[in-house]
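Q: Input file: entry-v3.csv. Contents: CSV, C-alpha atoms.
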```csv
chain,number,residue,atom,x,y,z
K,16,MET,CA,-18.9,-22.0,-19.5
K,17,ALA,CA,-18.3,-24.4,-22.5
K,18,GLU,CA,-21.5,-26.0,-23.8
K,19,HIS,CA,-20.0,-29.4,-24.7
K,20,ARG,CA,-17.9,-30.0,-21.6
K,21,LYS,CA,-18.9,-31.3,-18.2
K,22,PRO,CA,-18.8,-28.3,-15.7
K,23,THR,CA,-16.1,-28.6,-13.1
K,24,LEU,CA,-16.2,-27.8,-9.4
K,25,CYS,CA,-13.6,-26.4,-6.9
K,26,ILE,CA,-14.2,-26.5,-3.2
K,27,GLY,CA,-12.2,-23.9,-1.3
K,28,ILE,CA,-11.4,-24.0,2.4
K,29,LEU,CA,-9.8,-21.4,4.7
K,30,THR,CA,-7.7,-22.8,7.6
K,31,LEU,CA,-5.7,-21.9,10.7
K,32,ASN,CA,-4.6,-24.6,13.1
K,33,GLU,CA,-7.2,-27.1,12.0
K,34,ALA,CA,-5.1,-30.3,12.2
K,35,HIS,CA,-7.7,-32.0,14.4
K,36,ARG,CA,-10.5,-31.7,11.8
K,37,ILE,CA,-9.2,-30.8,8.4
K,38,ALA,CA,-9.0,-34.4,7.2
K,39,ARG,CA,-12.7,-34.9,8.0
K,40,CYS,CA,-13.6,-31.7,6.1
K,41,ILE,CA,-11.5,-32.4,3.0
K,42,GLN,CA,-12.7,-36.0,2.9
K,43,SER,CA,-16.3,-34.7,2.6
K,44,ALA,CA,-15.1,-32.4,-0.3
K,45,SER,CA,-13.2,-35.1,-2.2
K,46,PHE,CA,-15.9,-35.5,-4.8
K,47,ALA,CA,-14.9,-32.1,-6.3
K,48,ASP,CA,-12.5,-31.7,-9.3
K,49,GLN,CA,-10.3,-29.4,-7.3
K,50,VAL,CA,-9.8,-28.7,-3.5
K,51,VAL,CA,-7.9,-25.6,-2.6
K,52,VAL,CA,-6.8,-24.7,1.0
K,53,ILE,CA,-5.8,-21.2,1.9
K,54,ASP,CA,-3.9,-21.3,5.2
K,55,SER,CA,-3.4,-18.3,7.4
K,56,GLY,CA,-0.2,-19.5,9.1
K,57,SER,CA,-1.0,-22.7,10.9
K,58,GLU,CA,1.5,-23.8,13.5
K,59,ASP,CA,0.3,-27.4,13.6
K,60,ARG,CA,0.1,-30.0,10.8
K,61,THR,CA,-2.9,-28.5,9.0
K,62,ARG,CA,-1.0,-27.8,5.7
K,63,GLU,CA,0.7,-31.2,5.7
K,64,ILE,CA,-2.5,-33.1,6.4
K,65,ALA,CA,-4.3,-31.1,3.7
K,66,GLN,CA,-1.6,-31.9,1.1
K,67,GLU,CA,-1.7,-35.6,2.1
K,68,MET,CA,-5.5,-35.5,1.5
K,69,GLY,CA,-4.9,-34.3,-2.1
K,70,ALA,CA,-5.7,-30.6,-1.6
K,71,GLN,CA,-3.8,-27.8,-3.2
K,72,VAL,CA,-2.4,-25.7,-0.3
K,73,HIS,CA,-1.3,-22.1,-0.4
K,74,LEU,CA,0.0,-20.1,2.5
K,75,TYR,CA,-1.0,-16.5,3.2
K,76,PRO,CA,0.0,-15.6,6.7
K,77,ASP,CA,-0.4,-11.8,6.2
K,78,TRP,CA,-3.9,-11.6,7.5
K,79,HIS,CA,-6.3,-8.9,6.2
K,80,GLY,CA,-9.6,-10.5,7.0
K,81,PHE,CA,-11.9,-13.3,5.8
K,82,ALA,CA,-12.9,-11.5,2.6
K,83,GLU,CA,-9.3,-11.0,1.5
K,84,GLN,CA,-8.5,-14.7,2.1
K,85,ARG,CA,-11.5,-15.8,0.0
K,86,ASN,CA,-10.4,-13.4,-2.8
K,87,ARG,CA,-6.9,-14.9,-2.6
K,88,LEU,CA,-8.4,-18.4,-2.8
K,89,MET,CA,-10.3,-17.4,-6.0
K,90,THR,CA,-7.0,-16.7,-7.8
K,91,HIS,CA,-6.1,-20.4,-7.5
K,92,VAL,CA,-9.4,-21.8,-8.8
K,93,ASN,CA,-9.4,-23.7,-12.1
K,94,ALA,CA,-13.0,-24.8,-12.3
K,95,ASP,CA,-16.3,-23.5,-13.5
K,96,LEU,CA,-17.9,-23.4,-10.1
K,97,ILE,CA,-16.7,-22.7,-6.6
K,98,PHE,CA,-18.2,-24.0,-3.3
K,99,PHE,CA,-16.8,-22.3,-0.2
K,100,LEU,CA,-16.4,-24.7,2.8
K,101,ASP,CA,-15.2,-23.8,6.3
K,102,ALA,CA,-12.7,-26.1,8.1
K,103,ASP,CA,-15.3,-26.8,10.8
K,104,GLU,CA,-17.9,-28.0,8.3
K,105,VAL,CA,-18.6,-31.4,6.7
K,106,ILE,CA,-20.7,-32.0,3.5
K,107,PRO,CA,-23.0,-34.9,4.2
K,108,PRO,CA,-23.7,-37.4,1.3
K,109,GLY,CA,-27.1,-36.0,0.5
K,110,LEU,CA,-25.7,-32.5,0.1
K,111,GLN,CA,-22.8,-33.9,-2.0
K,112,ASP,CA,-25.4,-35.3,-4.4
K,113,GLU,CA,-27.3,-32.0,-4.6
K,114,ILE,CA,-24.0,-30.1,-5.3
K,115,ARG,CA,-23.1,-32.5,-8.1
K,116,ALA,CA,-26.6,-32.0,-9.6
K,117,ALA,CA,-26.3,-28.2,-9.4
K,118,VAL,CA,-22.9,-28.3,-11.0
K,119,ALA,CA,-24.0,-30.6,-13.8
K,120,SER,CA,-27.1,-28.4,-14.5
K,121,GLY,CA,-24.9,-25.6,-15.8
K,122,GLU,CA,-27.5,-23.1,-14.5
K,123,ASN,CA,-26.6,-19.5,-14.0
K,124,ALA,CA,-27.5,-19.2,-10.3
K,125,VAL,CA,-26.2,-18.9,-6.8
K,126,TRP,CA,-26.9,-21.7,-4.3
K,127,LYS,CA,-27.3,-21.2,-0.6
K,128,ILE,CA,-27.2,-23.6,2.3
K,129,TYR,CA,-28.5,-24.0,5.8
K,130,TRP,CA,-26.7,-25.5,8.7
K,131,ASP,CA,-27.2,-28.3,11.2
K,132,GLN,CA,-25.1,-27.1,14.1
K,133,VAL,CA,-23.1,-29.9,15.8
K,134,ALA,CA,-22.3,-28.8,19.4
K,135,PHE,CA,-20.6,-30.7,22.2
K,136,GLY,CA,-20.9,-34.0,20.3
K,137,ARG,CA,-24.6,-33.6,19.4
K,138,THR,CA,-26.3,-32.6,16.1
K,139,LEU,CA,-28.9,-29.9,16.9
K,140,HIS,CA,-31.1,-31.1,14.1
K,141,ARG,CA,-34.3,-30.1,15.9
K,142,MET,CA,-33.4,-26.4,15.8
K,143,ALA,CA,-35.1,-24.4,13.1
K,144,LYS,CA,-33.1,-23.1,10.2
K,145,THR,CA,-30.9,-20.0,10.4
K,146,GLU,CA,-32.5,-17.0,8.9
K,147,GLY,CA,-31.8,-16.5,5.2
K,148,GLY,CA,-29.2,-19.2,4.6
K,149,VAL,CA,-25.6,-18.6,3.4
K,150,TRP,CA,-24.5,-18.3,-0.3
K,151,ARG,CA,-21.9,-21.0,-0.9
K,152,LEU,CA,-21.9,-22.2,-4.6
K,153,PHE,CA,-21.2,-19.8,-7.4
K,154,ARG,CA,-20.2,-19.8,-11.0
K,155,THR,CA,-16.7,-18.4,-11.1
K,156,ASP,CA,-17.5,-16.2,-14.0
K,157,GLN,CA,-20.2,-14.5,-11.9
K,158,LEU,CA,-18.4,-14.1,-8.6
K,159,LEU,CA,-16.4,-10.8,-8.6
K,160,ARG,CA,-15.0,-10.7,-5.0
K,161,TYR,CA,-15.8,-10.9,-1.3
K,162,GLU,CA,-16.1,-7.9,1.0
K,163,GLY,CA,-16.2,-7.7,4.8
K,164,VAL,CA,-14.1,-8.6,7.8
K,165,VAL,CA,-16.4,-11.3,9.4
K,166,HIS,CA,-19.7,-12.6,8.0
K,167,GLU,CA,-18.2,-11.5,4.7
K,168,HIS,CA,-20.5,-11.3,1.7
K,169,ALA,CA,-20.1,-12.1,-2.0
K,170,VAL,CA,-20.3,-9.4,-4.8
K,171,LEU,CA,-21.8,-10.8,-8.0
K,172,ARG,CA,-21.2,-9.6,-11.6
K,173,ASP,CA,-25.0,-9.6,-12.0
K,174,PRO,CA,-26.9,-8.8,-8.8
K,175,ALA,CA,-30.1,-10.2,-10.3
K,176,THR,CA,-28.6,-13.7,-10.5
K,177,PRO,CA,-31.3,-16.1,-9.2
K,178,VAL,CA,-30.7,-17.7,-5.8
K,179,LYS,CA,-31.5,-21.4,-5.2
K,180,THR,CA,-31.5,-23.4,-2.0
K,181,PHE,CA,-30.0,-26.8,-1.2
K,182,GLY,CA,-32.4,-29.1,0.7
K,183,THR,CA,-29.8,-30.9,2.8
K,184,ARG,CA,-28.1,-29.0,5.6
K,185,LEU,CA,-24.4,-28.6,5.9
K,186,LEU,CA,-22.9,-30.0,9.2
K,187,HIS,CA,-21.3,-27.2,11.1
K,188,HIS,CA,-19.1,-28.4,14.0
K,189,SER,CA,-19.2,-25.0,15.6
K,190,ARG,CA,-18.5,-25.9,19.2
K,191,GLU,CA,-16.7,-29.1,19.9
K,192,SER,CA,-15.9,-28.4,23.5
K,193,VAL,CA,-16.8,-25.8,26.1
K,194,TYR,CA,-13.2,-24.4,26.2
K,195,GLY,CA,-13.2,-24.1,22.4
K,196,GLY,CA,-16.6,-22.5,22.4
K,197,LEU,CA,-15.4,-19.9,24.9
K,198,LEU,CA,-12.4,-19.1,22.7
K,199,LYS,CA,-14.5,-18.8,19.7
K,200,MET,CA,-17.0,-16.6,21.6
K,201,ALA,CA,-14.1,-14.2,22.6
K,202,GLN,CA,-12.7,-14.1,19.0
K,203,TYR,CA,-16.0,-13.4,17.3
K,204,ALA,CA,-17.1,-10.9,20.0
K,205,GLN,CA,-14.0,-8.9,19.2
K,206,LEU,CA,-14.7,-9.0,15.4
K,207,GLY,CA,-18.3,-8.1,16.0
K,208,ALA,CA,-17.3,-5.2,18.1
K,209,VAL,CA,-15.0,-3.9,15.4
K,210,ARG,CA,-17.8,-4.1,12.9
K,211,ARG,CA,-20.1,-2.1,15.1
K,212,VAL,CA,-17.5,0.5,15.8
K,213,GLN,CA,-17.1,1.0,12.1
K,214,ALA,CA,-20.9,1.4,11.8
K,215,GLY,CA,-20.8,4.1,14.6
K,216,ARG,CA,-22.6,1.9,17.2
K,217,ARG,CA,-22.1,2.6,20.9
K,218,GLY,CA,-21.3,0.0,23.6
K,219,GLY,CA,-22.2,-0.6,27.2
K,220,VAL,CA,-23.4,-3.3,29.6
K,221,LEU,CA,-27.1,-2.5,29.2
K,222,ARG,CA,-26.9,-2.6,25.4
K,223,GLY,CA,-25.0,-5.9,25.7
K,224,LEU,CA,-27.6,-7.4,28.1
K,225,ALA,CA,-30.4,-6.4,25.7
K,226,SER,CA,-28.7,-8.0,22.7
K,227,ALA,CA,-27.8,-11.1,24.7
K,228,THR,CA,-31.3,-11.6,26.0
K,229,SER,CA,-33.1,-11.0,22.7
K,230,ASN,CA,-30.7,-13.4,20.9
K,231,PHE,CA,-31.0,-16.1,23.6
K,232,ILE,CA,-34.8,-16.0,23.4
K,233,ARG,CA,-34.6,-16.1,19.6
K,234,LEU,CA,-32.4,-19.1,19.5
K,235,TYR,CA,-33.6,-21.1,22.5
K,236,ILE,CA,-37.4,-20.4,22.2
K,237,PHE,CA,-38.2,-19.4,18.6
K,238,ARG,CA,-35.5,-21.6,16.9
K,239,ARG,CA,-36.3,-24.4,19.3
K,240,GLY,CA,-32.9,-24.8,21.0
K,241,PHE,CA,-34.9,-26.1,24.0
K,242,LEU,CA,-35.6,-29.3,22.1
K,243,CYS,CA,-31.9,-30.1,21.9
K,244,GLY,CA,-31.2,-30.8,25.5
K,245,ALA,CA,-28.2,-29.5,27.5
K,246,GLU,CA,-26.1,-29.2,24.3
K,247,GLY,CA,-28.8,-26.9,22.8
K,248,PHE,CA,-28.8,-24.7,25.9
K,249,LEU,CA,-25.0,-24.4,26.0
K,250,PHE,CA,-25.0,-23.5,22.3
K,251,CYS,CA,-27.6,-20.8,22.7
K,252,LEU,CA,-26.0,-19.4,25.8
K,253,LEU,CA,-22.6,-19.1,24.2
K,254,VAL,CA,-24.0,-17.2,21.2
K,255,ALA,CA,-25.9,-14.9,23.6
K,256,LEU,CA,-22.7,-14.2,25.6
K,257,GLU,CA,-20.9,-13.4,22.3
K,258,CYS,CA,-23.6,-10.8,21.7
K,259,PHE,CA,-23.2,-9.3,25.2
K,260,PHE,CA,-19.4,-9.1,25.0
K,261,ARG,CA,-19.5,-7.3,21.7
K,262,TYR,CA,-20.9,-4.3,23.4
K,263,ALA,CA,-18.8,-4.7,26.5
K,264,ILE,CA,-15.7,-4.6,24.3
K,265,ILE,CA,-16.8,-1.5,22.5
K,266,ARG,CA,-17.3,0.3,25.9
K,267,TYR,CA,-14.2,-1.0,27.8
K,268,ASP,CA,-11.6,-2.1,25.2
K,269,ARG,CA,-12.4,0.5,22.6
K,270,PRO,CA,-11.3,-1.5,19.6
K,271,VAL,CA,-9.7,0.2,16.6
K,272,PRO,CA,-11.8,0.2,13.4
K,273,GLY,CA,-10.1,-2.1,10.8
K,274,ASP,CA,-8.7,-4.6,13.4
K,275,THR,CA,-8.9,-8.0,11.8
K,276,MET,CA,-7.1,-10.1,14.4
K,277,VAL,CA,-9.1,-13.3,14.1
K,278,LYS,CA,-8.1,-15.8,11.5
K,279,ARG,CA,-9.8,-18.9,10.1
```
Could you spell out this file's structure in structure tokens?
A:
Amino acid sequence: MAEHRKPTLCIGILTLNEAHRIARCIQSASFADQVVVIDSGSEDRTREIAQEMGAQVHLYPDWHGFAEQRNRLMTHVNADLIFFLDADEVIPPGLQDEIRAAVASGENAVWKIYWDQVAFGRTLHRMAKTEGGVWRLFRTDQLLRYEGVVHEHAVLRDPATPVKTFGTRLLHHSRESVYGGLLKMAQYAQLGAVRRVQAGRRGGVLRGLASATSNFIRLYIFRRGFLCGAEGFLFCLLVALECFFRYAIIRYDRPVPGDTMVKR
């Protein structure tokens, strides 16, 4: 990174049929020097809206998983740092300021974020943070590639790169309707099943019930979903059902390892 030049930022977004929310997402990213959208073959106006919002849009309909789409995105980045943003996320003003400060610092680090889930029209801000956080801001000269089908992970040039944490949470509009939440549950249960088949895990109803019960208790009790009303209950229930159906899919649908049917 040049010493006497202001560091630049690219925000990268993966999309598929996100016309109903891509404008809100890109608007929250408009402070960046470059916004790149990698579209997986939208059949609505996602690409047109993104272009109207000033984003650079590239179409890659031959889907090979989330990691591959992120790797493709990286080939279009012309900035010193990259922040990965999902189409169902919004960067609030406080986090925008923190990202600007991190970029301006020129530090050799990775920055991670935590989420505030927004479910069924309510921000579940009384829920505790997700465990560990998610890496989102990288220096482009330190990020080698992404690996993984779903819940993909970054591979760094220097694994000892320090990790810092943003204080303001990213808004994650994860479940905007019950119907949409059910669709997402089915999609991610399928991908989760594929990952577990690849790892040699076995399926079944009892395993699914155990996973669903433990995850519901973790979210609703220990992460305080019960403080978020009916919306918090529905959010925790849908996540628990996703856990159950992963194991049901393994047992009854017998997914093929390497299946990457879900796009984002």
Q: Would you mind telling me which residue in K:Ala124, K:Val118, K:Leu139, K:Ala214 lies nearest to K:Thr176 when using all atoms listed in the file?
A: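 The answer is K:Ala124, which sits nearest to K:Thr176.
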Q: Pick the closest to K:Asp268 from K:Ala44, K:Pro174, K:Ala208, K:Val254: which is it, counting all atoms listed in the file?
A: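 With all atoms listed in the file as the atom set, the closest residue is K:Ala208.
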Q: Listing only residues of stretch 160-268 of chain K within 6 Å of stretch 77-97 of chain K, what is the closest atom pair and its distance in Å (to one decimal) for each, using only C-alpha atoms, sorted by chain and residue number ascending, as CSV?
A:
```
residue,atom,partner,partner_atom,distance
K:Arg160,CA,K:Asn86,CA,5.8
K:Tyr161,CA,K:Ala82,CA,4.9
K:Glu162,CA,K:Ala82,CA,5.1
K:Gly163,CA,K:Ala82,CA,5.5
K:Val164,CA,K:Gly80,CA,4.9
K:Glu167,CA,K:Ala82,CA,5.7
```
Q: Contacts of K:Arg211 at 9 Å or less, counting all atoms listed in the file, minus same-chain residues fewer than 6 places along, as a list in words?
A: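 Returned residues: Arg217, Gly218, Arg261, Tyr262, Ile265 and Pro272 of chain K.
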Q: Suppose we keep C-alpha atoms; can you now write the selection as a compact mmCIF listing (two decimals), keeping the file's coordinate frame?
A:
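Output file out-v7.txt follows:
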```
# COMPACT_ATOMS: atom_id res chain seq x y z
CA ARG K 217 -22.10 2.60 20.90
CA GLY K 218 -21.30 0.00 23.60
CA ARG K 261 -19.50 -7.30 21.70
CA TYR K 262 -20.90 -4.30 23.40
CA ILE K 265 -16.80 -1.50 22.50
CA PRO K 272 -11.80 0.20 13.40
```
Q: Of the candidates K:Ala38, K:Phe98, K:Glu33, K:Gly56, which one gets nearest to K:Gly69 if we count all atoms listed in the file?
A: K:Ala38
Q: Kindly give the distance, in Å, that separates atom CA of K:Ala134 and atom CA of K:Glu191, rounded to a single decimal.
A: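 About the pair atom CA of K:Ala134 and atom CA of K:Glu191: they are 5.6 Å apart.
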Q: Find the residues near stretch 104-114 of chain K: any atom within 6 Å, counting only C-alpha atoms, skip ones fewer than 3 places away on the same chain, and give them as a list in words.
A: Cys40, Ser43, Asp101, Ala117, Thr183, Leu185, Leu186, His187 and His188 of chain K
Q: Report, in Å to a single decimal, how far apart atom CA of K:Gln71 and atom CA of K:Arg115 are.
A: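 Distance between the two atoms: 20.5 Å.
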